[in-house]
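Reviewing the structure listed below.
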There are 2 protein chains.
Amino acid sequence: MNNETPSSGLQLRSVVTEDGQLQLFLKSAPVPEPGENEVVVRIEATPINPSDQAILIMPADVATGETSGSGADTRYTAKLRSGMESRVKPRIGKPLAMGNEGAGTVVKAGSGAAAQALLGKTVAVMDGALYCQYRKVNVMQCMPQNEGTTAREAASCFVNPLTALGFVETMRAEGFKAIIHTAAASNLGQMLNRICQSDGIDLINIVRKQEQVDILKAMGAKYICNSSDENFMNDLTAAIEETGAYIAFDATGGGDLGSRILSCMERAALKGTEELPGPYGSTTFKQLYIYGGLDLSPTIINRNFGFSWGINAWLLTPFTQKAGMEKMMELRQRVANELRTTFASHYSDEISLTEALDKDIVAAYSQQATGRKFLINPSK
Amino acid sequence: MNNETPSSGLQLRSVVTEDGQLQLFLKSAPVPEPGENEVVVRIEATPINPSDQAILIMPADVATGETSGSGADTRYTAKLRSGMESRVKPRIGKPLAMGNEGAGTVVKAGSGAAAQALLGKTVAVMDGALYCQYRKVNVMQCMPQNEGTTAREAASCFVNPLTALGFVETMRAEGFKAIIHTAAASNLGQMLNRICQSDGIDLINIVRKQEQVDILKAMGAKYICNSSDENFMNDLTAAIEETGAYIAFDATGGGDLGSRILSCMERAALKGTEELPGPYGSTTFKQLYIYGGLDLSPTIINRNFGFSWGINAWLLTPFTQKAGMEKMMELRQRVANELRTTFASHYSDEISLTEALDKDIVAAYSQQATGRKFLINPSK
């Protein structure tokens with residue numbers, strides 16, 4: 001198989017220019033030679049996750065997007081969104097690579113036994129810069145797949161599965177017994193539903209459209225609250241009272257949804273007590289984790305929920321470090337075992353590297369909340 | 001001394017009525033008889049702290065305040081502020097007592113040795129409901145004062161001193177090395193300056209007026225940032241870079257001051273690194289504690305400071321529980337030892353229980369940020 005590999009491959013880059021543009025382009029680079037414990041993977045499937053979008057396209061006003069050239073010389077250009085100038089300052093003039101996870105075939109292997117054992121195998125990889133045709137990685141970064149598993153099936157082995165499992169582990173580690181999740185009909189939200197169903201954990205799903213309610217109902221979700229409903233606050237309070245869900249994971253970040261969740265938690269906490277609340281409210285500790293930024297507007301916190309609460313950012317990497325190697329190996333093994341069930345991902349669009357620079361396609365994948373989920377196949 | 005004690009005493013109460021009023025009135029109650037390990041304290045000095053104001057007067061629109069009657073029959077009446085209806089619902093029709101700390105003379109003592117030892121002594125008390133003339137408390141709630149210390153000097157032994165010490169202990173326990181404090185020229189802020197100066201801890205003082213800058217300068221404070229200055233963000237960032245202050249305690253709560261502090265922390269954290277920040281910013285953990293609500297408007301969080309941060313409520317009682325008995329005894333001892341220096345409190349106004357119902361005086365003490373600090377002397 002080694003002799004089929006070309007001498008060079010394409011890599012996707014995103015750059016912000018001095019004159020206020022975001023550009024996407026392809027860079028040709030030699031296919032690297034693996035060291036003793038390294039392999040070269042031909043990337044065949046790599047998803048566009050929100051963490052990738054943040055660098056790839058988030059600063060751009062995609063309404064101004066234009067695509068020029070063709071093939072390896074294709075270039076996408078858009079103006080920056082207003083207000084982005086100070087945020088992008090550190091990256092001006094620096095072409096950045098993206099793609100935190102993906103899967104493909106090992107086409108070259110170093111001399112070490114572990115590397116040699118992977119030759120020809122389909123592997124999932126978590127290592128950054130995977131929006132490219134050939135990527136050299138350490139064998140430790142590879143999760144070998146069972147015979148018959150495709151790269152497409154294995155493309156999202158890490159970010160969403162480990163994040164969903166991370167929510168459950170965080171809940172347990174901090175002494176909570178049920179979870180609230182927003183944007184709950186997402187790929188990640190659906191995984192979290194399957195995990196909680198199989199582990200017997202109550203999960204309150206917050207969505208904002210009837211079609212999302214329907215998706216979750218069809219999955220057998222028990223608690224679904226639609227934030228567009230007039231009765232949302234009462235529904236959510238009742239669900240919290242029933243489940244004891246005093247920890248929430250919020251993908252939206254902006255606006256007052258997080259604050260409203262904390263208010264409902266406080267209402268539920270006070271319902272159980274006969275006692276008059278003091279000036280500082282209930283003593284029930286209420287935790288909101290913000291793990292995404294679907295809504296980039298400011299977070300509005302109304303503080304009408306007492307004085308026993310925390311609001312924190314939640315990210316996979318610090319969770320991984322806190323959980324430790326042993327726990328993470330256990331979680332990874334679960335993902336590998338349940339890849340086609342609990343952790344199955346679904347994609348609406350599979351695109352090539354060149355198509356990833358098409359202005360209409362860029363406009364589509366830049367929208368995080370459309371229900372479409374993009375997969376790049378750099379070998380296409 | 002026992003035979004000088006009358007058979008009844010006055011107690012201050014705050015009630016919210018069904019028809020949307022807040023009323024303050026005095027209630028006469030028998031002076032209680034102490035049990036074996038109890039004493040009765042004649043309260044001679046009890047401060048109006050923000051935690052007391054919250055119940056005492058916060059829901060009222062003091063511009064509508066009226067005072068009627070005189071002496072023990074004085075009554076203060078005001079309309080509720082708009083938007084307060086749902087907050088005060090649980091307390092409607094329930095006359096509430098206030099006064100979390102105070103000091104006075106032990107005029108009756110139970111038969112136990114510890115109680116008898118306190119007879120005639122000046123003690124500081126932390127126990128709630130101290131806005132009254134005679135209060136029965138357990139000896140465990142009393143901090144006996146050195147000979148010559150007055151009730152006025154001992155009135156604020158607990159809330160501000162232990163809160164200021166609690167900030168320093170929290171900083172240490174969470175691995176930070178310097179502190180940012182807002183509303184820094186307050187009584188509490190001045191104590192915190194003296195503690196940090198004597199313990200060699202860098203403290204960044206945030207104030208909003210030049211006269212507050214002057215107060216802190218006169219105390220020898222090294223880092224003072226005026227949030228009304230044009231250069232505030234740059235000044236604060238430079239001070240954080242110099243001190244490594246990644247934990248802040250905010251008395252205001254509302255508005256975007258907390259968010260701006262976190263932004264400056266992030267800027268300072270990124271200044272030290274050559275590396276390009278990822279989409280999630282620096283890995284430096286940034287902590288904001290909100291311990292007060294001088295500004296009741298919503299907290300605005302701009303989230304332009306990466307993904308490594310926490311925002312929590314901070315209260316004395318949970319801190320006390322977490323710190324444990326031994327640590328708290330150590331802190332109390334320090335307060336007793338340094339009551340006339342580090343922990344000295346200053347009052348602008350000393351008022352009687354009846355004066356506390358005067359509409360002009362109510363209007364004055366309901367303003368938390370005027371620089372005036374009120375002490376009630378129920379024995380006046």
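Chain labels A, B, ... are given in the sequence in which chains occur in the structure tokens; within each chain residues are numbered consecutively from 1, and ligands are likewise numbered from 1 in the order shown.
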
For this session: Please identify every residue of chain A that has at least one atom no more than 9 Å from any atom of chain B, counting only C-alpha atoms, and report them as JSON, numbers by chain.
Result: {"A": [51, 52, 54, 55, 87, 90, 91, 253, 254, 276, 277, 278, 279, 280, 283, 290, 291, 296, 297, 298, 299, 300, 301, 302, 303, 304, 306, 307, 308, 309, 310, 311, 312, 313, 314, 315, 318]}

Can you write out the residues you just picked, keeping C-alpha atoms, as a compact mmCIF listing (two decimals), in the first residue's frame?
# COMPACT_ATOMS: atom_id res chain seq x y z
CA SER A 51 -14.32 23.92 18.23
CA ASP A 52 -13.04 23.74 14.62
CA ALA A 54 -14.24 28.79 15.93
CA ILE A 55 -10.89 29.04 14.11
CA ARG A 87 -10.40 39.08 19.03
CA PRO A 90 -3.20 37.56 17.74
CA ARG A 91 -3.78 35.43 14.60
CA GLY A 253 -23.59 30.70 26.31
CA GLY A 254 -25.19 34.01 25.34
CA LEU A 276 -38.66 31.22 54.91
CA PRO A 277 -35.66 31.80 52.66
CA GLY A 278 -33.11 34.24 54.11
CA PRO A 279 -31.77 37.17 52.07
CA TYR A 280 -29.37 34.74 50.40
CA THR A 283 -28.58 26.58 50.42
CA ILE A 290 -21.06 26.88 29.66
CA TYR A 291 -19.36 24.60 27.14
CA LEU A 296 -22.04 34.95 20.98
CA SER A 297 -23.98 37.77 22.69
CA PRO A 298 -23.21 38.53 26.36
CA THR A 299 -24.39 36.18 29.08
CA ILE A 300 -27.09 37.92 31.14
CA ILE A 301 -27.18 36.78 34.76
CA ASN A 302 -30.14 38.08 36.74
CA ARG A 303 -28.92 36.74 40.11
CA ASN A 304 -32.48 36.06 41.31
CA GLY A 306 -29.85 33.19 45.89
CA PHE A 307 -26.20 33.05 46.79
CA SER A 308 -25.29 29.41 46.33
CA TRP A 309 -24.24 28.93 42.74
CA GLY A 310 -21.37 28.64 40.29
CA ILE A 311 -21.03 29.42 36.60
CA ASN A 312 -18.00 27.93 34.89
CA ALA A 313 -16.61 27.27 31.47
CA TRP A 314 -16.43 23.54 30.68
CA LEU A 315 -13.93 22.20 28.16
CA PRO A 318 -9.11 20.31 31.31

Output chain A, superimposed onto chain B using in-order Cα pairs, as a compact mmCIF listing (two decimals) with C-alpha atoms, in the first residue's frame:
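Produced file result_32.txt, reproduced below:
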# COMPACT_ATOMS: atom_id res chain seq x y z
CA MET A 1 -26.72 44.64 87.91
CA ASN A 2 -29.53 42.10 87.35
CA ASN A 3 -32.02 44.16 89.25
CA GLU A 4 -31.54 47.14 86.91
CA THR A 5 -32.89 45.12 83.98
CA PRO A 6 -36.49 45.95 83.05
CA SER A 7 -39.05 43.22 82.48
CA SER A 8 -39.46 43.95 78.78
CA GLY A 9 -37.53 45.38 75.82
CA LEU A 10 -38.09 46.58 72.28
CA GLN A 11 -37.28 44.66 69.10
CA LEU A 12 -37.15 46.02 65.53
CA ARG A 13 -39.21 44.19 62.89
CA SER A 14 -39.57 44.50 59.09
CA VAL A 15 -42.70 43.23 57.39
CA VAL A 16 -44.03 43.23 53.83
CA THR A 17 -47.81 43.58 53.67
CA GLU A 18 -50.33 42.03 51.27
CA ASP A 19 -50.99 45.46 49.75
CA GLY A 20 -47.41 46.06 48.66
CA GLN A 21 -45.87 48.00 51.54
CA LEU A 22 -42.77 47.50 53.60
CA GLN A 23 -43.22 48.51 57.24
CA LEU A 24 -40.74 48.85 60.09
CA PHE A 25 -42.06 48.84 63.65
CA LEU A 26 -41.04 48.11 67.24
CA LYS A 27 -42.35 45.15 69.17
CA SER A 28 -42.25 44.91 72.96
CA ALA A 29 -41.29 41.51 74.36
CA PRO A 30 -40.43 40.19 77.85
CA VAL A 31 -36.71 40.09 78.64
CA PRO A 32 -36.01 36.34 78.51
CA GLU A 33 -34.59 34.18 81.31
CA PRO A 34 -31.28 32.51 80.39
CA GLY A 35 -30.87 28.72 80.53
CA GLU A 36 -27.83 27.06 82.15
CA ASN A 37 -25.38 27.95 79.37
CA GLU A 38 -27.04 31.12 78.20
CA VAL A 39 -26.71 34.80 78.94
CA VAL A 40 -28.89 37.85 78.29
CA VAL A 41 -27.02 40.68 76.60
CA ARG A 42 -28.12 44.32 76.71
CA ILE A 43 -27.34 45.27 73.11
CA GLU A 44 -25.52 48.61 72.93
CA ALA A 45 -24.06 48.63 69.42
CA THR A 46 -25.13 46.74 66.30
CA PRO A 47 -24.11 47.80 62.77
CA ILE A 48 -26.29 47.97 59.69
CA ASN A 49 -24.47 45.71 57.25
CA PRO A 50 -25.54 45.01 53.66
CA SER A 51 -26.73 41.55 54.75
CA ASP A 52 -29.06 43.28 57.25
CA GLN A 53 -30.17 45.93 54.77
CA ALA A 54 -31.28 43.20 52.38
CA ILE A 55 -34.11 42.21 54.74
CA LEU A 56 -34.55 45.48 56.62
CA ILE A 57 -35.15 47.90 53.76
CA MET A 58 -33.89 46.73 50.34
CA PRO A 59 -37.36 45.93 48.87
CA ALA A 60 -38.71 49.41 49.77
CA ASP A 61 -38.87 52.50 47.58
CA VAL A 62 -37.55 54.83 50.30
CA ALA A 63 -38.61 57.90 48.32
CA THR A 64 -42.17 56.99 49.34
CA GLY A 65 -41.27 56.49 53.03
CA GLU A 66 -43.41 57.98 55.82
CA THR A 67 -42.97 57.82 59.59
CA SER A 68 -45.94 57.95 61.98
CA GLY A 69 -46.39 57.72 65.77
CA SER A 70 -43.62 58.18 68.33
CA GLY A 71 -41.55 56.26 70.87
CA ALA A 72 -42.43 52.55 70.99
CA ASP A 73 -45.35 53.18 68.65
CA THR A 74 -43.30 54.66 65.81
CA ARG A 75 -43.99 53.03 62.44
CA TYR A 76 -42.23 53.47 59.09
CA THR A 77 -44.15 52.72 55.89
CA ALA A 78 -42.96 52.73 52.25
CA LYS A 79 -44.17 51.31 48.97
CA LEU A 80 -42.29 48.39 47.45
CA ARG A 81 -39.90 49.15 44.63
CA SER A 82 -41.27 48.04 41.29
CA GLY A 83 -40.20 44.57 40.28
CA MET A 84 -39.87 43.41 43.90
CA GLU A 85 -43.24 41.62 44.10
CA SER A 86 -42.06 38.12 43.27
CA ARG A 87 -38.89 38.41 45.36
CA VAL A 88 -40.75 39.34 48.56
CA LYS A 89 -43.62 36.89 48.13
CA PRO A 90 -42.27 34.36 50.66
CA ARG A 91 -42.04 37.00 53.42
CA ILE A 92 -45.47 38.65 53.07
CA GLY A 93 -47.20 38.94 56.43
CA LYS A 94 -44.18 37.66 58.37
CA PRO A 95 -42.48 40.25 60.62
CA LEU A 96 -38.74 39.55 60.32
CA ALA A 97 -35.96 40.30 62.81
CA MET A 98 -32.55 41.60 61.67
CA GLY A 99 -29.10 42.35 63.05
CA ASN A 100 -26.46 39.68 62.45
CA GLU A 101 -23.85 40.98 64.87
CA GLY A 102 -23.47 43.41 67.73
CA ALA A 103 -22.07 43.95 71.19
CA GLY A 104 -23.25 44.86 74.66
CA THR A 105 -23.20 44.00 78.35
CA VAL A 106 -24.17 40.65 79.87
CA VAL A 107 -26.95 41.52 82.34
CA LYS A 108 -28.24 38.04 83.20
CA ALA A 109 -26.41 34.73 83.22
CA GLY A 110 -27.47 31.08 83.52
CA SER A 111 -26.19 28.84 86.31
CA GLY A 112 -23.34 27.30 84.26
CA ALA A 113 -19.78 28.41 85.02
CA ALA A 114 -19.14 29.73 81.51
CA ALA A 115 -22.29 31.83 81.66
CA GLN A 116 -21.56 33.14 85.16
CA ALA A 117 -18.03 34.13 84.07
CA LEU A 118 -19.52 36.53 81.51
CA LEU A 119 -21.82 38.41 83.91
CA GLY A 120 -21.15 42.16 83.67
CA LYS A 121 -18.71 41.69 80.79
CA THR A 122 -18.77 43.39 77.40
CA VAL A 123 -19.25 40.73 74.72
CA ALA A 124 -19.54 40.68 70.94
CA VAL A 125 -22.31 38.46 69.58
CA MET A 126 -23.03 36.89 66.18
CA ASP A 127 -26.48 35.38 66.18
CA GLY A 128 -29.13 37.27 64.17
CA ALA A 129 -32.07 39.35 65.48
CA LEU A 130 -29.76 41.70 67.39
CA TYR A 131 -31.70 44.88 66.55
CA CYS A 132 -33.30 44.72 70.00
CA GLN A 133 -32.66 45.88 73.54
CA TYR A 134 -32.17 42.49 75.23
CA ARG A 135 -31.14 39.27 73.53
CA LYS A 136 -30.68 35.80 75.01
CA VAL A 137 -27.74 33.92 73.46
CA ASN A 138 -25.71 30.79 74.09
CA VAL A 139 -22.28 31.48 75.59
CA MET A 140 -20.74 29.89 72.47
CA GLN A 141 -22.07 32.84 70.45
CA CYS A 142 -20.23 35.37 72.67
CA MET A 143 -16.74 36.73 72.16
CA PRO A 144 -15.68 38.28 75.54
CA GLN A 145 -13.84 41.57 75.11
CA ASN A 146 -10.68 42.78 76.80
CA GLU A 147 -11.10 45.19 79.72
CA GLY A 148 -11.67 48.69 78.38
CA THR A 149 -13.01 47.71 74.95
CA THR A 150 -16.35 49.43 74.36
CA ALA A 151 -19.45 47.90 72.79
CA ARG A 152 -19.06 50.33 69.88
CA GLU A 153 -15.53 49.09 69.26
CA ALA A 154 -16.68 45.46 69.44
CA ALA A 155 -19.88 45.83 67.39
CA SER A 156 -18.41 44.62 64.09
CA CYS A 157 -16.20 41.75 65.27
CA PHE A 158 -17.57 39.16 62.88
CA VAL A 159 -19.07 39.98 59.49
CA ASN A 160 -16.50 42.33 57.94
CA PRO A 161 -13.39 40.97 59.72
CA LEU A 162 -14.18 37.32 58.97
CA THR A 163 -15.23 38.14 55.40
CA ALA A 164 -11.94 39.98 54.73
CA LEU A 165 -9.96 37.15 56.32
CA GLY A 166 -12.12 34.70 54.35
CA PHE A 167 -11.04 36.30 51.07
CA VAL A 168 -7.40 35.77 51.97
CA GLU A 169 -8.02 32.18 53.11
CA THR A 170 -9.98 31.47 49.90
CA MET A 171 -7.14 32.90 47.82
CA ARG A 172 -4.66 30.61 49.57
CA ALA A 173 -6.88 27.51 49.51
CA GLU A 174 -7.43 27.87 45.76
CA GLY A 175 -3.79 28.43 44.90
CA PHE A 176 -3.85 32.12 43.95
CA LYS A 177 -1.25 34.59 45.16
CA ALA A 178 -2.82 38.05 44.90
CA ILE A 179 -6.33 39.52 45.11
CA ILE A 180 -8.52 41.98 43.22
CA HIS A 181 -11.24 43.71 45.28
CA THR A 182 -14.01 46.06 44.15
CA ALA A 183 -15.74 48.78 46.19
CA ALA A 184 -12.32 48.72 47.77
CA ALA A 185 -12.58 51.87 49.90
CA SER A 186 -15.38 50.36 52.01
CA ASN A 187 -14.97 49.49 55.68
CA LEU A 188 -14.36 45.90 54.56
CA GLY A 189 -11.98 47.04 51.82
CA GLN A 190 -9.90 49.02 54.28
CA MET A 191 -9.64 45.99 56.59
CA LEU A 192 -8.58 43.86 53.62
CA ASN A 193 -5.84 46.41 52.81
CA ARG A 194 -4.50 46.24 56.36
CA ILE A 195 -4.59 42.41 56.36
CA CYS A 196 -2.81 42.18 52.99
CA GLN A 197 -0.21 44.77 54.03
CA SER A 198 0.61 42.89 57.20
CA ASP A 199 0.60 39.47 55.46
CA GLY A 200 2.61 40.64 52.42
CA ILE A 201 -0.12 39.91 49.86
CA ASP A 202 -0.56 42.06 46.75
CA LEU A 203 -4.05 43.59 46.59
CA ILE A 204 -5.49 45.44 43.59
CA ASN A 205 -8.10 47.92 44.80
CA ILE A 206 -10.85 48.88 42.34
CA VAL A 207 -12.83 52.03 43.18
CA ARG A 208 -14.92 54.42 41.10
CA LYS A 209 -14.21 57.88 42.54
CA GLN A 210 -11.13 60.00 43.11
CA GLU A 211 -12.00 60.50 46.79
CA GLN A 212 -11.88 56.72 47.24
CA VAL A 213 -8.48 56.64 45.53
CA ASP A 214 -7.34 59.24 48.06
CA ILE A 215 -8.58 57.23 51.06
CA LEU A 216 -6.67 54.15 49.92
CA LYS A 217 -3.53 56.12 48.97
CA ALA A 218 -3.47 57.60 52.47
CA MET A 219 -3.53 54.02 53.81
CA GLY A 220 -0.49 53.15 51.71
CA ALA A 221 -2.32 50.98 49.16
CA LYS A 222 0.02 50.18 46.23
CA TYR A 223 -2.44 49.15 43.50
CA ILE A 224 -5.52 51.35 43.02
CA CYS A 225 -7.53 51.32 39.77
CA ASN A 226 -10.35 53.81 39.23
CA SER A 227 -13.07 52.28 37.04
CA SER A 228 -14.15 55.79 35.99
CA ASP A 229 -10.74 56.49 34.45
CA GLU A 230 -10.37 56.21 30.70
CA ASN A 231 -7.29 54.08 31.16
CA PHE A 232 -8.92 51.69 33.65
CA MET A 233 -8.61 48.50 31.56
CA ASN A 234 -4.93 49.11 30.78
CA ASP A 235 -4.13 50.04 34.39
CA LEU A 236 -5.85 46.95 35.71
CA THR A 237 -4.21 44.65 33.13
CA ALA A 238 -0.78 46.03 34.05
CA ALA A 239 -1.45 45.55 37.78
CA ILE A 240 -2.58 41.95 37.19
CA GLU A 241 0.50 41.24 35.09
CA GLU A 242 2.69 42.57 37.90
CA THR A 243 0.94 40.80 40.79
CA GLY A 244 -0.56 37.65 39.27
CA ALA A 245 -3.97 38.44 40.79
CA TYR A 246 -6.31 35.96 39.09
CA ILE A 247 -8.95 35.92 41.82
CA ALA A 248 -11.38 38.80 42.34
CA PHE A 249 -13.99 39.55 44.99
CA ASP A 250 -16.76 41.81 43.72
CA ALA A 251 -19.21 43.63 46.00
CA THR A 252 -21.22 45.20 43.20
CA GLY A 253 -22.55 42.15 41.35
CA GLY A 254 -24.48 43.99 38.64
CA GLY A 255 -23.26 45.42 35.34
CA ASP A 256 -20.12 44.40 33.47
CA LEU A 257 -17.41 45.22 36.01
CA GLY A 258 -16.82 41.55 36.82
CA SER A 259 -16.65 40.72 33.11
CA ARG A 260 -14.14 43.53 32.54
CA ILE A 261 -11.99 42.24 35.38
CA LEU A 262 -11.96 38.75 33.81
CA SER A 263 -11.05 40.30 30.43
CA CYS A 264 -8.09 42.12 31.98
CA MET A 265 -6.99 38.88 33.67
CA GLU A 266 -7.07 37.13 30.27
CA ARG A 267 -5.11 39.94 28.62
CA ALA A 268 -2.50 39.76 31.38
CA ALA A 269 -2.33 35.96 31.08
CA LEU A 270 -1.78 36.14 27.31
CA LYS A 271 0.90 38.84 27.58
CA GLY A 272 3.30 36.41 29.17
CA THR A 273 3.09 33.87 26.33
CA GLU A 274 4.61 33.85 22.87
CA GLU A 275 2.19 31.10 21.82
CA LEU A 276 -0.86 31.85 19.70
CA PRO A 277 -3.95 31.42 21.86
CA GLY A 278 -6.27 28.63 20.67
CA PRO A 279 -10.01 29.21 20.20
CA TYR A 280 -10.41 28.74 23.95
CA GLY A 281 -7.89 31.36 25.09
CA SER A 282 -5.29 31.02 27.82
CA THR A 283 -5.17 28.10 30.22
CA THR A 284 -4.76 30.45 33.20
CA PHE A 285 -7.75 29.86 35.50
CA LYS A 286 -9.57 33.08 36.36
CA GLN A 287 -11.98 33.29 39.30
CA LEU A 288 -14.58 35.95 40.08
CA TYR A 289 -16.47 35.81 43.37
CA ILE A 290 -19.59 37.95 43.76
CA TYR A 291 -20.15 38.58 47.46
CA GLY A 292 -22.57 41.52 47.38
CA GLY A 293 -25.23 43.25 45.35
CA LEU A 294 -24.53 46.99 45.54
CA ASP A 295 -25.76 47.05 41.94
CA LEU A 296 -28.94 44.98 41.63
CA SER A 297 -29.03 45.11 37.81
CA PRO A 298 -28.15 41.92 35.87
CA THR A 299 -24.55 40.75 35.67
CA ILE A 300 -23.32 41.14 32.08
CA ILE A 301 -20.70 38.57 31.11
CA ASN A 302 -19.06 39.19 27.75
CA ARG A 303 -17.12 35.90 27.69
CA ASN A 304 -14.18 37.48 25.84
CA PHE A 305 -11.71 35.87 28.23
CA GLY A 306 -11.31 32.32 27.01
CA PHE A 307 -12.70 29.15 28.49
CA SER A 308 -10.88 28.82 31.79
CA TRP A 309 -12.88 30.69 34.39
CA GLY A 310 -15.39 30.48 37.20
CA ILE A 311 -17.93 32.93 38.59
CA ASN A 312 -19.35 32.06 41.99
CA ALA A 313 -21.31 33.57 44.81
CA TRP A 314 -19.22 33.99 47.97
CA LEU A 315 -20.84 34.07 51.39
CA LEU A 316 -19.39 33.99 54.89
CA THR A 317 -21.49 31.09 56.22
CA PRO A 318 -20.52 28.45 53.63
CA PHE A 319 -16.90 29.62 53.89
CA THR A 320 -17.07 29.15 57.68
CA GLN A 321 -18.42 25.63 57.24
CA LYS A 322 -15.75 24.72 54.71
CA ALA A 323 -12.90 26.23 56.74
CA GLY A 324 -13.82 24.22 59.84
CA MET A 325 -13.89 24.99 63.57
CA GLU A 326 -10.15 25.09 64.17
CA LYS A 327 -9.41 27.57 61.38
CA MET A 328 -12.35 29.76 62.41
CA MET A 329 -11.17 29.87 66.05
CA GLU A 330 -7.76 30.97 64.76
CA LEU A 331 -9.33 33.74 62.66
CA ARG A 332 -11.57 34.90 65.53
CA GLN A 333 -8.57 35.09 67.82
CA ARG A 334 -6.78 37.29 65.30
CA VAL A 335 -9.80 39.60 65.17
CA ALA A 336 -9.87 39.85 68.99
CA ASN A 337 -6.12 40.59 69.09
CA GLU A 338 -6.23 43.24 66.35
CA LEU A 339 -9.65 44.76 67.00
CA ARG A 340 -8.33 48.27 67.52
CA THR A 341 -5.91 48.16 64.58
CA THR A 342 -6.46 45.87 61.58
CA PHE A 343 -10.14 45.34 62.28
CA ALA A 344 -11.12 48.79 63.55
CA SER A 345 -14.52 49.90 62.20
CA HIS A 346 -15.67 53.46 61.78
CA TYR A 347 -19.26 54.70 61.91
CA SER A 348 -20.65 57.95 60.63
CA ASP A 349 -23.95 57.74 62.50
CA GLU A 350 -25.11 56.21 65.78
CA ILE A 351 -28.89 55.93 66.03
CA SER A 352 -31.51 54.57 68.45
CA LEU A 353 -34.11 51.92 67.54
CA THR A 354 -36.73 54.67 67.23
CA GLU A 355 -34.46 56.79 65.02
CA ALA A 356 -34.02 53.72 62.79
CA LEU A 357 -37.69 54.25 61.79
CA ASP A 358 -37.29 57.94 60.87
CA LYS A 359 -37.91 58.37 57.14
CA ASP A 360 -34.87 60.58 56.54
CA ILE A 361 -32.57 58.28 58.48
CA VAL A 362 -34.02 55.23 56.68
CA ALA A 363 -33.36 56.95 53.35
CA ALA A 364 -29.76 57.55 54.42
CA TYR A 365 -28.93 54.03 55.65
CA SER A 366 -30.72 52.38 52.71
CA GLN A 367 -27.98 53.73 50.42
CA GLN A 368 -25.17 51.23 50.64
CA ALA A 369 -22.62 53.20 48.70
CA THR A 370 -22.73 56.65 50.25
CA GLY A 371 -19.70 56.22 52.47
CA ARG A 372 -21.89 56.58 55.57
CA LYS A 373 -21.93 53.64 57.95
CA PHE A 374 -24.71 53.32 60.54
CA LEU A 375 -24.59 51.84 64.01
CA ILE A 376 -27.76 51.19 66.01
CA ASN A 377 -27.52 51.63 69.77
CA PRO A 378 -30.74 50.03 71.08
CA SER A 379 -29.93 51.15 74.63
CA LYS A 380 -29.80 54.80 73.60

For this session: Among the residues of stretch 98-249 of chain B, find those DSSP assigns to strand (DSSP E or B) from the backbone and print them as a PyMOL selection string.
Result: chain B and resi 101-109+122-126+132+134-138+142-144+178-182+202-207+223-226+247-249

Exercise. Where does DSSP see alpha helix (DSSP H) in stretch 94-332 of chain B, if you list the residues as an NGL selection string?
Worked result: :B and (113-118 or 151-154 or 159-173 or 187-199 or 210-218 or 232-243 or 257-271 or 316-323 or 325-332)
